[in-house]
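Asks: So here's query-v8.txt, just compact mmCIF, C-alpha atoms:
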```txt
# COMPACT_ATOMS: atom_id res chain seq x y z
CA MET A 1 19.94 20.70 -0.43
CA GLU A 2 16.49 21.68 0.82
CA LYS A 3 16.22 21.50 4.60
CA GLU A 4 14.00 18.75 5.97
CA ILE A 5 10.86 20.11 7.65
CA LYS A 6 9.00 17.87 10.11
CA ILE A 7 5.45 19.06 9.43
CA THR A 8 4.13 15.78 10.85
CA GLU A 9 5.52 16.76 14.25
CA THR A 10 4.30 20.37 14.37
CA ASP A 11 1.64 21.41 16.88
CA SER A 12 -1.99 20.74 16.09
CA THR A 13 -3.98 23.80 15.12
CA TYR A 14 -6.61 22.72 17.65
CA ARG A 15 -6.32 23.31 21.39
CA HIS A 16 -7.89 21.81 24.51
CA LEU A 17 -9.25 18.73 22.77
CA GLU A 18 -10.33 17.30 26.12
CA LYS A 19 -12.85 20.13 26.47
CA MET A 20 -14.56 19.42 23.14
CA SER A 21 -17.85 17.56 22.96
CA VAL A 22 -18.00 14.32 20.99
CA SER A 23 -19.77 16.09 18.14
CA GLU A 24 -17.07 18.78 18.07
CA LEU A 25 -14.30 16.18 18.06
CA LEU A 26 -15.85 14.25 15.19
CA PHE A 27 -16.60 17.39 13.19
CA ASN A 28 -13.03 18.68 13.52
CA ILE A 29 -11.41 15.32 12.78
CA ASN A 30 -13.56 15.06 9.67
CA ILE A 31 -12.54 18.57 8.61
CA GLU A 32 -8.89 17.54 8.86
CA ASP A 33 -9.43 14.24 7.04
CA ALA A 34 -11.01 16.16 4.14
CA VAL A 35 -7.61 17.74 3.50
CA VAL A 36 -6.12 14.43 2.38
CA PRO A 37 -7.69 13.85 -1.07
CA SER A 38 -6.84 17.34 -2.32
CA ALA A 39 -3.27 16.92 -1.09
CA ILE A 40 -3.02 13.64 -2.99
CA THR A 41 -4.22 15.35 -6.17
CA LYS A 42 -1.05 17.43 -6.11
CA VAL A 43 1.19 14.36 -6.24
CA LEU A 44 -0.68 12.24 -8.79
CA PRO A 45 2.14 12.58 -11.36
CA ALA A 46 4.65 11.22 -8.83
CA ILE A 47 2.32 8.33 -7.97
CA GLY A 48 1.92 7.61 -11.68
CA ASN A 49 5.68 7.45 -12.19
CA LEU A 50 6.01 4.90 -9.39
CA VAL A 51 3.09 2.83 -10.71
CA GLU A 52 4.73 2.63 -14.12
CA ALA A 53 8.07 1.62 -12.62
CA ILE A 54 6.45 -1.11 -10.50
CA THR A 55 4.43 -2.41 -13.46
CA ASP A 56 7.53 -2.66 -15.62
CA LYS A 57 9.37 -4.63 -12.93
CA LEU A 58 6.50 -7.06 -12.36
CA LEU A 59 5.99 -7.63 -16.09
CA LEU A 60 9.64 -8.64 -16.31
CA GLY A 61 9.26 -11.18 -13.52
CA GLY A 62 10.21 -9.03 -10.54
CA ARG A 63 8.45 -8.51 -7.22
CA LEU A 64 7.17 -5.51 -5.27
CA PHE A 65 8.38 -5.07 -1.70
CA TYR A 66 7.02 -2.57 0.83
CA ILE A 67 9.10 -1.76 3.91
CA GLY A 68 7.92 0.31 6.85
CA ALA A 69 7.69 0.61 10.63
CA GLY A 70 4.79 1.16 13.03
CA THR A 71 1.58 2.38 11.41
CA SER A 72 3.27 2.80 8.04
CA GLY A 73 4.54 -0.76 8.14
CA ARG A 74 1.14 -2.13 9.13
CA LEU A 75 -0.55 -0.29 6.28
CA ALA A 76 2.04 -1.63 3.85
CA VAL A 77 1.62 -5.22 5.06
CA VAL A 78 -2.16 -4.95 4.78
CA ASP A 79 -1.97 -3.66 1.21
CA ALA A 80 0.40 -6.45 0.19
CA SER A 81 -1.70 -9.13 1.89
CA GLU A 82 -4.84 -8.05 0.04
CA CYS A 83 -3.38 -8.48 -3.44
CA PRO A 84 -3.68 -12.29 -3.70
CA PRO A 85 -7.36 -12.57 -2.64
CA THR A 86 -8.43 -9.49 -4.59
CA PHE A 87 -6.49 -9.98 -7.81
CA GLY A 88 -5.58 -13.66 -7.77
CA VAL A 89 -1.83 -13.06 -7.94
CA PRO A 90 0.47 -15.53 -6.19
CA HIS A 91 1.61 -14.93 -2.65
CA GLY A 92 5.12 -13.56 -2.90
CA LEU A 93 4.50 -11.16 -5.80
CA VAL A 94 3.76 -8.27 -3.43
CA ILE A 95 5.50 -8.54 -0.07
CA GLY A 96 5.07 -6.27 2.95
CA ILE A 97 7.82 -6.14 5.56
CA ILE A 98 7.41 -4.39 8.91
CA ALA A 99 10.21 -3.51 11.32
CA GLY A 100 10.08 -5.96 14.20
CA GLY A 101 8.45 -8.73 12.19
CA LYS A 102 4.96 -10.23 12.56
CA GLU A 103 4.83 -9.35 16.26
CA ALA A 104 4.94 -5.67 15.32
CA MET A 105 1.62 -5.99 13.48
CA PHE A 106 -0.16 -6.28 16.82
CA GLN A 107 2.00 -4.41 19.30
CA ALA A 108 4.93 -2.03 19.25
CA VAL A 109 8.38 -3.63 19.17
CA GLU A 110 10.75 -1.29 21.00
CA PHE A 111 13.49 0.32 18.91
CA ALA A 112 12.80 -1.90 15.87
CA GLU A 113 12.47 1.13 13.64
CA ASP A 114 15.82 2.56 14.79
CA ASP A 115 17.98 -0.18 13.22
CA ALA A 116 19.20 1.17 9.89
CA GLU A 117 20.65 -2.19 8.83
CA GLN A 118 17.75 -4.50 9.64
CA ALA A 119 15.58 -3.74 6.60
CA TRP A 120 18.25 -5.03 4.24
CA LYS A 121 18.61 -8.16 6.36
CA ASP A 122 14.84 -8.66 6.17
CA LEU A 123 14.84 -8.14 2.41
CA SER A 124 17.76 -10.52 1.95
CA VAL A 125 15.67 -13.35 3.36
CA PHE A 126 13.69 -13.15 0.11
CA ASN A 127 16.83 -13.22 -2.07
CA ILE A 128 16.03 -9.77 -3.43
CA THR A 129 17.67 -8.84 -6.76
CA PRO A 130 17.71 -5.84 -9.16
CA LYS A 131 14.70 -7.44 -10.91
CA ASP A 132 12.63 -6.36 -7.89
CA ILE A 133 11.47 -2.94 -6.65
CA VAL A 134 11.24 -1.68 -3.06
CA VAL A 135 8.91 1.04 -1.77
CA GLY A 136 9.68 2.57 1.62
CA VAL A 137 6.75 3.92 3.61
CA ALA A 138 7.32 6.35 6.50
CA ALA A 139 5.13 9.29 7.51
CA SER A 140 8.10 11.17 8.94
CA GLY A 141 10.29 10.21 6.03
CA SER A 142 13.19 9.74 8.40
CA THR A 143 12.67 6.31 10.00
CA PRO A 144 16.15 4.71 10.13
CA TYR A 145 14.82 1.24 9.27
CA VAL A 146 13.31 2.55 6.03
CA VAL A 147 16.03 5.07 5.15
CA GLY A 148 18.74 2.46 5.69
CA GLY A 149 16.85 -0.12 3.67
CA LEU A 150 16.43 2.17 0.67
CA HIS A 151 20.04 3.31 0.90
CA THR A 152 21.34 -0.26 0.75
CA CYS A 153 18.92 -1.10 -2.07
CA HIS A 154 20.34 1.80 -4.05
CA ALA A 155 23.87 0.53 -3.42
CA ASN A 156 22.77 -2.85 -4.78
CA LYS A 157 21.19 -1.34 -7.92
CA ILE A 158 17.63 -2.08 -6.81
CA THR A 159 14.97 0.42 -7.93
CA THR A 160 13.22 2.21 -5.09
CA GLY A 161 10.18 4.34 -4.36
CA SER A 162 9.00 6.09 -1.20
CA ILE A 163 5.91 7.53 0.45
CA ALA A 164 6.43 10.24 3.07
CA CYS A 165 4.39 13.07 4.57
CA ASN A 166 7.20 15.62 5.04
CA PRO A 167 8.98 17.64 2.33
CA ALA A 168 12.65 17.01 1.53
CA SER A 169 12.61 13.90 3.70
CA PRO A 170 15.58 11.49 3.93
CA ILE A 171 13.70 8.60 2.30
CA SER A 172 12.88 10.85 -0.66
CA MET A 173 16.58 11.50 -1.07
CA GLU A 174 17.19 7.75 -1.25
CA ALA A 175 14.31 6.91 -3.62
CA ASP A 176 14.27 6.81 -7.40
CA PHE A 177 10.54 7.53 -7.37
CA PRO A 178 9.68 9.60 -4.27
CA ILE A 179 6.18 10.66 -3.25
CA GLU A 180 5.73 13.40 -0.64
CA ILE A 181 2.13 13.91 0.42
CA ILE A 182 1.87 16.98 2.67
CA VAL A 183 -1.30 16.91 4.77
CA GLY A 184 -0.23 19.33 7.52
CA PRO A 185 -0.20 18.97 11.31
CA GLU A 186 -2.20 16.14 12.83
CA PHE A 187 -5.37 16.70 14.88
CA ILE A 188 -3.47 15.26 17.84
CA THR A 189 0.08 16.57 17.60
CA GLY A 190 2.37 13.97 16.07
CA SER A 191 -0.30 11.25 15.77
CA THR A 192 0.56 10.20 12.23
CA ARG A 193 -1.87 7.29 12.30
CA MET A 194 -4.48 9.95 11.50
CA LYS A 195 -4.15 12.14 8.37
CA SER A 196 -0.73 10.83 7.40
CA GLY A 197 -1.91 7.26 7.81
CA THR A 198 -5.02 7.96 5.77
CA ALA A 199 -2.90 9.48 3.01
CA GLN A 200 -0.56 6.50 2.98
CA LYS A 201 -3.47 4.04 2.88
CA LEU A 202 -5.08 5.82 -0.05
CA ILE A 203 -1.83 5.99 -2.00
CA LEU A 204 -1.01 2.34 -1.35
CA ASN A 205 -4.51 1.45 -2.58
CA MET A 206 -3.96 3.52 -5.70
CA ILE A 207 -0.58 1.96 -6.41
CA SER A 208 -1.56 -1.69 -5.99
CA THR A 209 -4.90 -1.28 -7.76
CA ALA A 210 -3.45 0.59 -10.73
CA VAL A 211 -0.57 -1.88 -11.06
CA MET A 212 -2.89 -4.89 -10.97
CA ILE A 213 -5.14 -3.36 -13.61
CA GLN A 214 -2.07 -2.77 -15.77
CA LEU A 215 -1.13 -6.42 -15.30
CA GLY A 216 -4.52 -7.50 -16.62
CA ARG A 217 -5.93 -8.70 -13.31
CA VAL A 218 -9.18 -6.74 -13.78
CA GLU A 219 -11.62 -6.86 -16.71
CA ASP A 220 -14.09 -4.03 -17.25
CA ASN A 221 -14.60 -3.09 -13.59
CA LYS A 222 -14.66 -6.62 -12.18
CA MET A 223 -12.24 -8.63 -10.01
CA VAL A 224 -12.30 -11.60 -12.39
CA ASN A 225 -9.19 -13.14 -10.83
CA MET A 226 -10.20 -12.88 -7.17
CA GLN A 227 -9.61 -15.92 -4.99
CA LEU A 228 -12.80 -17.69 -3.90
CA THR A 229 -11.89 -17.81 -0.23
CA ASN A 230 -15.36 -17.40 1.30
CA GLU A 231 -19.06 -17.61 0.47
CA LYS A 232 -19.37 -13.85 -0.11
CA LEU A 233 -16.66 -13.86 -2.76
CA LEU A 234 -17.98 -17.07 -4.29
CA ASP A 235 -21.47 -15.60 -4.58
CA ARG A 236 -20.04 -12.42 -6.11
CA GLY A 237 -18.09 -14.50 -8.60
CA VAL A 238 -21.14 -16.59 -9.55
CA LYS A 239 -23.17 -13.46 -10.28
CA MET A 240 -20.33 -11.98 -12.33
CA LEU A 241 -20.08 -15.21 -14.32
CA MET A 242 -23.84 -15.40 -14.90
CA LYS A 243 -23.86 -11.85 -16.23
CA LYS A 244 -20.78 -12.31 -18.38
CA LEU A 245 -21.99 -15.57 -19.97
CA ASN A 246 -25.72 -14.80 -19.90
CA LEU A 247 -26.36 -17.82 -17.70
CA GLU A 248 -29.66 -18.09 -15.83
CA ASP A 249 -28.88 -21.15 -13.71
CA TYR A 250 -27.07 -20.15 -10.51
CA VAL A 251 -26.15 -23.76 -9.67
CA VAL A 252 -24.55 -24.36 -13.08
CA ALA A 253 -22.60 -21.11 -12.84
CA ARG A 254 -21.46 -21.94 -9.32
CA SER A 255 -20.29 -25.42 -10.31
CA LEU A 256 -18.34 -24.03 -13.27
CA LEU A 257 -16.76 -21.35 -11.14
CA ILE A 258 -15.70 -23.77 -8.39
CA LYS A 259 -14.26 -26.15 -11.00
CA GLU A 260 -12.17 -23.48 -12.75
CA GLY A 261 -11.23 -21.44 -9.67
CA SER A 262 -11.81 -17.93 -11.06
CA VAL A 263 -14.26 -15.99 -13.20
CA LYS A 264 -11.60 -15.41 -15.85
CA LYS A 265 -10.73 -19.10 -16.19
CA ALA A 266 -14.40 -20.09 -16.16
CA VAL A 267 -15.18 -17.68 -19.03
CA GLU A 268 -12.23 -18.96 -21.03
CA GLN A 269 -13.32 -22.57 -20.48
CA PHE A 270 -16.94 -21.85 -21.40
CA LYS A 271 -15.86 -20.34 -24.71
```
Just dump the structure as structure tokens.
Replies:
Amino acid sequence: MEKEIKITETDSTYRHLEKMSVSELLFNINIEDAVVPSAITKVLPAIGNLVEAITDKLLLGGRLFYIGAGTSGRLAVVDASECPPTFGVPHGLVIGIIAGGKEAMFQAVEFAEDDAEQAWKDLSVFNITPKDIVVGVAASGSTPYVVGGLHTCHANKITTGSIACNPASPISMEADFPIEIIVGPEFITGSTRMKSGTAQKLILNMISTAVMIQLGRVEDNKMVNMQLTNEKLLDRGVKMLMKKLNLEDYVVARSLLIKEGSVKKAVEQFK
């Protein structure tokens, strides 16, 4: 078995950050951030495999769960929470779970990530079954909460995926569809909210967006199923509807959109 290497914990290649000017700090951070997209390019096939697995599960009536701790957990919860308003899917189709619960979204919950049994307890609240799929997110790839959760999922015949930023990480060993995005040492040693967090955010965006497109929640390049939860989205939807149906009257289009609840339903009704 390949030995786990904690690249995320290795020393920054930059020294004496406190002596840098603001312009130097920003320039160097930007240089490091630029590493992320090219690193993601190398793992696109692995991301694609996970997207296909998730899509298959959701088409058969299953759900997507993300589990994570700290920054990784927060990123996962954010991605899950954005699916209903963006794509119009029901709450509960994509579920983000963070070690320590809702409180951990706003402040650190001591030792929450160290409990290897808690993730399964948290998942069990949702009556998880083999119809569902679970993706563990951990920059280090060794967070006990996530590793333990994936391990127990595997024992219960639940399909799993993972996103880590170290090679040969423990969560990769537990996942059916592992992704290892190697972005190198952080600008501040061990601060994985930086490059590692950026990589995880981009990959989560790619996964949820690609899955939702596969599920038919996007037409052409438009969010035709988005929830009309504020004036900005309502205005965007009205303009989409006017263009799609060749309507010139904003008020008529707005009334139709409000009545039907989404651009997609409004178009279908108009036809």
Asks: For A:Asp132, work out the shell of residues within 12 Å, counting all atoms listed in the file and skipping chain neighbours fewer than 3 positions away, then give it as a PyMOL selection string.
Replies: chain A and resi 53-66+92-95+123-124+126-129+135+153-154+156-161
Asks: Work out how far atom CA of A:Pro170 is from atom CA of A:Val125, in Å to one decimal.
Replies: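 A separation of 24.8 Å between them.
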Asks: I want to know what sits within 6 Å of stretch 23-39 of chain A, based on all atoms listed in the file, with residues of the same chain fewer than 6 positions away left out; could you give that as number ranges by chain?
Replies: A: 183, 195, 199
Asks: Go ahead and save the residues from that selection, with C-alpha atoms, as a short mmCIF file (atom, residue, chain, number, x, y, z; two decimals), in the coordinates of the input.
Replies:
```cif
data_model
loop_
_atom_site.label_atom_id
_atom_site.label_comp_id
_atom_site.auth_asym_id
_atom_site.auth_seq_id
_atom_site.Cartn_x
_atom_site.Cartn_y
_atom_site.Cartn_z
CA VAL A 183 -1.30 16.91 4.77
CA LYS A 195 -4.15 12.14 8.37
CA ALA A 199 -2.90 9.48 3.01
#
```
Asks: Smallest atom-to-atom distance to A:Ala155: which of A:Ile5, A:Ala168, A:Ile181, A:Ala175, using all atoms listed in the file?
Replies: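 Using all atoms listed in the file, A:Ala155 sits closest to A:Ala175.
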Asks: Determine, counting all atoms listed in the file, which protein, DNA and RNA residues have an atom within 9 Å of an atom of A:Tyr145; residues of the same chain fewer than 3 positions away are not included. Present the result as a PyMOL selection string.
Replies: chain A and resi 67-69+99+112-120+142+148-150
Asks: Point out the residue among A:Ser21, A:Thr10, A:Asn225, A:Thr209 with the least atom-to-atom distance to A:Val263, counting all atoms listed in the file.
Replies: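 Of A:Ser21, A:Thr10, A:Asn225, A:Thr209, the one nearest A:Val263 is A:Asn225, counting all atoms listed in the file.
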Asks: With all atoms listed in the file counted, which protein, DNA or RNA residues have an atom no more than 12 Å from (5.7, -5.5, 12.7) in the file frame? Please answer as a PyMOL selection string.
Replies: chain A and resi 67-78+96-113+119+122+145
Asks: What does the distance from atom CA of A:Met212 to atom CA of A:Gly88 come to in Å, to one decimal?
Replies: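 If I compute the distance from atom CA of A:Met212 to atom CA of A:Gly88, I get 9.7 Å.
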Asks: Which residue, A:Pro90, A:Met173, A:Ile182, A:Gln200, has the smallest gap to A:Val137 when you use all atoms listed in the file?
Replies: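 Among A:Pro90, A:Met173, A:Ile182, A:Gln200, it is A:Gln200 that comes nearest to A:Val137.
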Asks: Report the distance between atom CA of A:Thr189 and atom CA of A:Lys6 in Å, rounded to one decimal place.
Replies: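 Distance reported for this atom pair: 11.7 Å.
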Asks: Choose the residue, out of A:Ala139, A:Leu241, A:Pro85, A:Gly184, that has the smallest atom-to-atom separation from A:Thr229; count only C-alpha atoms.
Replies: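 Comparing A:Ala139, A:Leu241, A:Pro85, A:Gly184 against A:Thr229, the winner is A:Pro85.
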